[in-house]
>>> print(open('start.cif').read())   # mmCIF, C-alpha atoms and all ligand atoms
data_upload
loop_
_atom_site.label_atom_id
_atom_site.label_comp_id
_atom_site.auth_asym_id
_atom_site.auth_seq_id
_atom_site.Cartn_x
_atom_site.Cartn_y
_atom_site.Cartn_z
CA MET A 705 156.76 23.10 -6.43
CA LYS A 706 153.08 23.49 -7.39
CA THR A 707 150.17 21.36 -6.19
CA ALA A 708 147.64 19.69 -8.51
CA ILE A 709 144.62 17.45 -7.99
CA ILE A 710 143.77 15.21 -10.93
CA THR A 711 140.49 13.31 -10.86
CA GLY A 712 140.52 10.14 -12.95
CA GLY A 713 144.27 10.18 -12.34
CA SER A 714 144.48 6.39 -12.10
CA SER A 715 143.83 5.68 -15.78
CA GLY A 716 143.91 6.91 -19.36
CA ILE A 717 144.07 10.66 -19.94
CA GLY A 718 144.16 11.56 -16.23
CA LEU A 719 147.07 9.20 -15.56
CA ALA A 720 149.04 10.46 -18.59
CA ALA A 721 148.44 14.05 -17.46
CA ALA A 722 149.53 13.20 -13.91
CA ARG A 723 152.75 11.66 -15.23
CA LEU A 724 153.58 14.69 -17.39
CA LEU A 725 152.67 17.23 -14.72
CA SER A 726 154.76 15.34 -12.13
CA GLN A 727 157.73 15.91 -14.47
CA SER A 728 156.83 19.60 -14.76
CA ALA A 729 157.19 20.92 -11.21
CA TYR A 730 153.79 19.69 -9.95
CA ARG A 731 153.11 17.36 -7.05
CA VAL A 732 149.97 15.42 -7.97
CA GLY A 733 147.02 14.14 -5.91
CA LEU A 734 145.16 11.44 -7.82
CA VAL A 735 141.47 10.61 -7.41
CA GLY A 736 139.49 7.55 -8.50
CA ARG A 737 137.41 4.80 -6.94
CA ARG A 738 139.72 1.78 -7.35
CA ALA A 739 142.50 2.00 -4.73
CA GLN A 740 144.64 -0.65 -6.40
CA LEU A 741 144.86 1.29 -9.68
CA LEU A 742 145.60 4.47 -7.74
CA GLU A 743 148.38 2.76 -5.78
CA GLN A 744 149.98 1.53 -9.01
CA ALA A 745 149.77 5.03 -10.51
CA VAL A 746 151.34 6.64 -7.44
CA ASP A 747 154.12 4.01 -7.40
CA SER A 748 154.95 4.60 -11.06
CA ILE A 749 155.04 8.40 -10.63
CA GLN A 750 157.20 8.15 -7.52
CA GLY A 751 159.42 5.59 -9.25
CA ALA A 752 160.10 8.21 -11.92
CA GLY A 753 161.08 10.78 -9.27
CA GLY A 754 157.73 12.56 -8.94
CA GLN A 755 155.66 13.31 -5.84
CA ALA A 756 152.16 11.78 -5.72
CA TRP A 757 149.42 10.66 -3.35
CA TYR A 758 145.85 9.50 -3.82
CA GLY A 759 142.31 9.58 -2.55
CA ALA A 760 140.09 6.59 -3.30
CA LEU A 761 136.67 8.21 -3.52
CA ASP A 762 133.69 8.71 -5.76
CA VAL A 763 133.59 12.19 -7.29
CA ARG A 764 129.79 12.17 -6.77
CA ASP A 765 130.35 12.09 -3.00
CA ALA A 766 130.53 15.82 -2.17
CA PRO A 767 131.64 15.44 1.51
CA ALA A 768 134.45 13.03 0.49
CA VAL A 769 135.52 15.45 -2.25
CA ARG A 770 135.61 18.33 0.25
CA ASP A 771 137.64 16.26 2.73
CA PHE A 772 140.23 15.36 0.07
CA VAL A 773 140.62 18.96 -1.10
CA GLU A 774 140.87 20.27 2.47
CA ALA A 775 143.44 17.61 3.43
CA THR A 776 145.52 18.51 0.36
CA VAL A 777 145.44 22.23 1.19
CA LYS A 778 146.29 21.50 4.84
CA GLN A 779 149.25 19.39 3.78
CA TYR A 780 150.68 21.67 1.07
CA GLY A 781 149.28 25.07 2.01
CA LYS A 782 147.77 25.77 -1.40
CA LEU A 783 146.23 24.38 -4.56
CA ASP A 784 147.45 25.55 -7.97
CA LEU A 785 145.66 23.27 -10.40
CA LEU A 786 142.57 21.08 -10.58
CA VAL A 787 142.17 18.73 -13.55
CA ASN A 788 138.74 17.09 -13.76
CA SER A 789 139.25 13.99 -15.90
CA ALA A 790 137.12 11.42 -14.01
CA GLY A 791 134.38 10.19 -16.27
CA VAL A 792 132.39 7.31 -17.69
CA PHE A 793 131.25 6.66 -21.26
CA LYS A 794 128.76 4.10 -22.56
CA LEU A 795 127.83 4.08 -26.24
CA VAL A 796 124.07 3.48 -25.94
CA SER A 797 121.12 4.58 -28.09
CA PHE A 798 118.63 6.96 -26.53
CA GLU A 799 116.01 4.19 -26.61
CA ASP A 800 118.26 2.01 -24.46
CA THR A 801 119.33 4.82 -22.12
CA ASP A 802 117.69 4.15 -18.76
CA ALA A 803 117.54 6.36 -15.68
CA ALA A 804 120.51 4.57 -14.09
CA LEU A 805 122.84 5.29 -17.05
CA TRP A 806 121.58 8.88 -17.23
CA GLU A 807 122.29 9.43 -13.53
CA GLU A 808 125.67 7.72 -13.63
CA SER A 809 126.78 9.79 -16.64
CA LEU A 810 125.56 13.12 -15.30
CA GLY A 811 126.82 12.23 -11.81
CA ALA A 812 130.37 11.18 -12.68
CA ASN A 813 130.98 13.53 -15.62
CA LEU A 814 129.21 16.71 -14.53
CA THR A 815 128.25 16.67 -10.84
CA GLY A 816 131.65 15.19 -9.98
CA ALA A 817 133.42 18.08 -11.72
CA PHE A 818 131.04 20.53 -10.03
CA ASN A 819 131.87 18.98 -6.62
CA PHE A 820 135.61 19.39 -7.17
CA CYS A 821 135.33 22.91 -8.63
CA LYS A 822 133.17 23.92 -5.68
CA ALA A 823 135.54 22.48 -3.06
CA ALA A 824 138.69 23.80 -4.75
CA TRP A 825 137.41 27.28 -5.71
CA PRO A 826 138.25 29.08 -2.39
CA HIS A 827 141.84 27.74 -2.60
CA LEU A 828 142.59 28.37 -6.27
CA GLY A 829 143.27 32.13 -6.38
CA GLY A 830 146.01 32.64 -8.99
CA GLY A 831 145.53 29.03 -10.12
CA GLN A 832 143.69 27.09 -12.76
CA ILE A 833 141.00 24.49 -13.47
CA ILE A 834 141.19 22.28 -16.56
CA ASN A 835 137.99 20.35 -17.24
CA ILE A 836 138.14 17.42 -19.67
CA SER A 837 134.96 17.54 -21.71
CA SER A 838 134.88 15.91 -25.17
CA VAL A 839 134.18 16.60 -28.83
CA ALA A 840 130.84 15.05 -27.82
CA GLY A 841 130.45 18.17 -25.66
CA VAL A 842 130.50 20.46 -28.71
CA GLN A 843 128.85 18.35 -31.42
CA PRO A 844 126.28 15.53 -31.42
CA TYR A 845 127.04 11.84 -31.95
CA SER A 846 124.51 8.99 -32.12
CA GLY A 847 124.70 6.74 -29.08
CA CYS A 848 125.82 9.57 -26.81
CA ALA A 849 122.60 11.01 -25.33
CA ALA A 850 123.58 10.78 -21.66
CA TYR A 851 127.30 11.28 -22.34
CA SER A 852 126.76 14.35 -24.55
CA ALA A 853 124.33 15.88 -22.08
CA SER A 854 127.01 15.59 -19.39
CA LYS A 855 129.82 16.88 -21.60
CA TYR A 856 127.86 19.81 -23.09
CA GLY A 857 126.98 20.61 -19.48
CA LEU A 858 130.64 20.54 -18.50
CA VAL A 859 131.49 22.99 -21.31
CA GLY A 860 128.76 25.30 -20.05
CA LEU A 861 129.88 25.04 -16.42
CA SER A 862 133.50 25.67 -17.42
CA GLU A 863 132.70 28.73 -19.52
CA VAL A 864 130.65 30.34 -16.74
CA LEU A 865 133.41 29.61 -14.21
CA ALA A 866 135.95 31.13 -16.63
CA LEU A 867 133.99 34.39 -16.48
CA GLU A 868 133.38 34.32 -12.73
CA GLY A 869 136.97 33.25 -12.04
CA LYS A 870 138.37 36.47 -13.48
CA LYS A 871 137.76 38.47 -10.31
CA ARG A 872 139.51 35.81 -8.20
CA GLY A 873 142.39 35.31 -10.64
CA ILE A 874 141.28 31.74 -11.40
CA ARG A 875 141.64 30.61 -15.01
CA VAL A 876 139.21 27.91 -16.13
CA HIS A 877 139.92 25.99 -19.32
CA VAL A 878 137.90 23.27 -21.00
CA LEU A 879 139.63 20.72 -23.19
CA CYS A 880 137.48 18.72 -25.64
CA PRO A 881 139.39 15.70 -26.97
CA GLY A 882 138.22 13.33 -29.68
CA ASN A 883 138.69 9.55 -29.68
CA THR A 884 141.61 8.58 -27.43
CA GLU A 885 142.83 5.04 -26.85
CA THR A 886 142.08 4.41 -23.17
CA PRO A 887 140.26 1.72 -21.14
CA ILE A 888 137.03 3.74 -21.52
CA TRP A 889 136.66 2.16 -25.00
CA GLU A 890 137.00 -1.46 -23.82
CA GLY A 891 134.32 -3.54 -25.53
CA GLN A 892 132.98 -0.47 -27.36
CA ALA A 893 135.30 -0.18 -30.39
CA PRO A 894 137.21 -2.76 -32.45
CA ALA A 895 140.91 -3.08 -31.56
CA GLU A 896 142.02 -1.73 -34.95
CA VAL A 897 139.86 1.39 -34.45
CA GLN A 898 141.28 1.91 -30.96
CA GLN A 899 144.81 1.70 -32.41
CA ARG A 900 144.04 4.61 -34.75
CA MET A 901 142.83 6.86 -31.91
CA MET A 902 144.94 9.56 -30.23
CA ARG A 903 147.21 8.40 -27.41
CA PRO A 904 146.40 9.58 -23.87
CA GLU A 905 149.86 11.19 -23.88
CA ASP A 906 148.75 13.41 -26.81
CA VAL A 907 145.88 14.79 -24.73
CA ALA A 908 148.13 15.04 -21.67
CA GLU A 909 150.48 17.30 -23.68
CA ALA A 910 147.57 19.71 -24.19
CA VAL A 911 146.81 19.60 -20.46
CA ARG A 912 150.43 20.41 -19.66
CA TRP A 913 150.46 23.19 -22.27
CA LEU A 914 147.40 24.78 -20.64
CA ALA A 915 148.80 24.26 -17.14
CA LEU A 916 152.12 25.91 -17.99
CA SER A 917 150.66 28.74 -20.09
CA PRO A 918 151.27 32.28 -18.77
CA ALA A 919 148.69 33.47 -16.22
CA SER A 920 148.20 36.57 -18.40
CA VAL A 921 146.48 34.59 -21.17
CA SER A 922 143.40 32.39 -21.32
CA PHE A 923 142.09 30.02 -23.94
CA ASP A 924 138.55 29.46 -25.16
CA ARG A 925 137.43 25.83 -25.39
CA VAL A 926 140.25 23.74 -26.85
CA VAL A 927 139.05 21.04 -29.27
CA MET A 928 141.53 18.39 -30.42
CA ARG A 929 140.94 15.36 -32.66
CA PRO A 930 142.87 12.60 -34.38
CA SER A 931 143.98 13.97 -37.76
CA GLN A 932 142.43 10.91 -39.49
CA ASP A 933 139.03 9.53 -38.47
CA PRO A 934 139.90 6.31 -36.54
CA TRP A 935 136.59 4.72 -37.61
CA LYS A 936 137.60 4.91 -41.31
CA ALA A 937 140.45 2.63 -42.45
N1 LIG B 1001 139.05 8.26 -24.30
C1 LIG B 1001 138.37 9.09 -25.10
O1 LIG B 1001 138.17 8.84 -26.31
C2 LIG B 1001 137.87 10.39 -24.54
C3 LIG B 1001 137.50 11.39 -25.45
C4 LIG B 1001 137.00 12.59 -24.95
C5 LIG B 1001 136.89 12.79 -23.60
N2 LIG B 1001 137.24 11.81 -22.73
C6 LIG B 1001 137.08 12.06 -21.31
O2 LIG B 1001 138.33 11.95 -20.69
C7 LIG B 1001 138.15 11.63 -19.32
C8 LIG B 1001 139.08 10.47 -18.95
O3 LIG B 1001 138.64 9.32 -19.67
P1 LIG B 1001 139.65 8.20 -20.16
O4 LIG B 1001 139.42 8.01 -21.59
O5 LIG B 1001 141.00 8.49 -19.64
O6 LIG B 1001 138.97 6.93 -19.43
P2 LIG B 1001 139.50 5.89 -18.34
O7 LIG B 1001 140.85 5.40 -18.71
O8 LIG B 1001 138.39 4.91 -18.19
O9 LIG B 1001 139.62 6.78 -17.03
C9 LIG B 1001 138.49 7.20 -16.32
C10 LIG B 1001 138.95 7.60 -14.93
O10 LIG B 1001 137.86 8.18 -14.23
C11 LIG B 1001 137.72 7.53 -12.96
N3 LIG B 1001 136.31 7.58 -12.56
C12 LIG B 1001 135.23 7.23 -13.29
N4 LIG B 1001 134.11 7.42 -12.59
C13 LIG B 1001 134.49 7.91 -11.36
C14 LIG B 1001 133.80 8.29 -10.19
N5 LIG B 1001 132.46 8.22 -10.11
N6 LIG B 1001 134.52 8.74 -9.13
C15 LIG B 1001 135.87 8.82 -9.19
N7 LIG B 1001 136.58 8.48 -10.28
C16 LIG B 1001 135.90 8.03 -11.36
C17 LIG B 1001 138.25 6.11 -13.21
O11 LIG B 1001 138.65 5.45 -12.03
P3 LIG B 1001 137.66 4.43 -11.25
O12 LIG B 1001 136.85 3.71 -12.30
O13 LIG B 1001 138.55 3.56 -10.46
O14 LIG B 1001 136.80 5.31 -10.41
C18 LIG B 1001 139.44 6.43 -14.09
O15 LIG B 1001 140.54 6.85 -13.31
C19 LIG B 1001 136.66 11.30 -19.15
O16 LIG B 1001 136.00 12.41 -18.59
C20 LIG B 1001 136.21 11.07 -20.58
O17 LIG B 1001 134.83 11.35 -20.74
C21 LIG B 1001 137.74 10.61 -23.17
#
>>> encode(input="start.cif", output="structure tokens")
Amino acid sequence: MKTAIITGGSSGIGLAAARLLSQSAYRVGLVGRRAQLLEQAVDSIQGAGGQAWYGALDVRDAPAVRDFVEATVKQYGKLDLLVNSAGVFKLVSFEDTDAALWEESLGANLTGAFNFCKAAWPHLGGGQIINISSVAGVQPYSGCAAYSASKYGLVGLSEVLALEGKKRGIRVHVLCPGNTETPIWEGQAPAEVQQRMMRPEDVAEAVRWLALSPASVSFDRVVMRPSQDPWKA
């Protein structure tokens, strides 16, 4: 059995990925801040026959991140996969973007992924990192100044790590999904628009596909979108 850590594993894309991976020969360690959500996620995965545990921590907290990674490696002897899905998204014009939103976006979406990559790197030889960026990490959208800055940054970080990982046998992939119906959209898109978005399970299938791909191949940034624009009826 392989060992994976999935940040943001308590909700949305991270939870769907954790469910699929737990049915694909991975034991999964879930990370988020809200312990109750994490407990529910672990219960549902275990109820379906999978193996899961969690760490309730903030991905911006580098010492807590290090402790969780080290405890996982101590328990299971190795780490095969890190999926960085933890993230926040607020649709806000640049004029209304204040320093707090900027710091929260960069902190959760970019520094958090950096913290996990950094802590996991020495343990990932022969393994893989999958970073969840966004289509807003490869093209601009109004209302996404802080979010796009974090997601473009995550693409850049991932692509440098993909190069540097070669000599350690670590593959680093970056997945850039478009609109996906998850709690991140609550209060930010009409219900009928959310219904036309991709399902988190659709994105999770791409995560599983990358995770199970042969170690002899690597993929450049993977961009996936709903086939119809959910904002147009
Ligand atoms: N949904 C979309 O349309 C879409 C499109 C492209 C990319 N993405 C990206 O996909 C990833 C997952 O988003 P989602 O749509 O699945 O949203 P979601 O359902 O809101 O899930 C976000 C997850 O991240 C965790 N999280 C947020 N900030 C955190 C922090 N500081 N420390 C630890 N955990 C944190 C949340 O748990 P807690 O709040 O309990 O900490 C939750 O588990 C994000 O990186 C997002 O930017 C989403």
>>> residues_around(input="start.cif", residues="Asn819 in chain A", least_positions_apart="4", cutoff="7 Å", atoms="all atoms listed in the file", output="ChimeraX atom specification")
/A:766,769,815,823
>>> closest_residue(input="start.cif", among="A:Val763, A:Ile717, A:Cys880, A:Cys821", to="Arg737 in chain A", atoms="all atoms listed in the file")
A:Val763
>>> residues_around(input="start.cif", residues="Gln779 in chain A", least_positions_apart="6", cutoff="12 Å", atoms="all atoms listed in the file", output="count of residues only")
6
>>> closest_residue(input="start.cif", among="A:Pro767, A:Gly751, A:Pro918, A:Gly759", to="ligand LIG 1001 (chain B)", atoms="all atoms listed in the file")
A:Gly759
>>> atom_distance(input="start.cif", atom1="CA of Pro930 in chain A", atom2="atom N6 of ligand LIG 1001 (chain B)")
26.9 Å
>>> closest_residue(input="start.cif", among="A:Ala775, A:Leu861, A:Ala739, A:Ala866", to="ligand LIG 1001 (chain B)", atoms="only C-alpha atoms and all ligand atoms")
A:Ala739
>>> residues_around(input="start.cif", residues="Gly736 in chain A", least_positions_apart="3", cutoff="9 Å", atoms="only C-alpha atoms", output="PyMOL selection string")
chain A and resi 711-715+739+741-742+758-763+790
>>> closest_residue(input="start.cif", among="A:Asp765, A:Met928, A:Leu719, A:Glu909", to="Ala840 in chain A", atoms="all atoms listed in the file")
A:Met928
>>> closest_residue(input="start.cif", among="A:Gln892, A:Gln740, A:Gln755, A:Ser920", to="Arg875 in chain A", atoms="all atoms listed in the file")
A:Ser920
>>> atom_distance(input="start.cif", atom1="CA of Asp933 in chain A", atom2="CA of Ala908 in chain A")
19.9 Å
>>> residues_around(input="start.cif", residues="Glu905 in chain A", least_positions_apart="4", cutoff="12 Å", atoms="only C-alpha atoms", output="PyMOL selection string")
chain A and resi 715-725+881+884-886+901+909-912
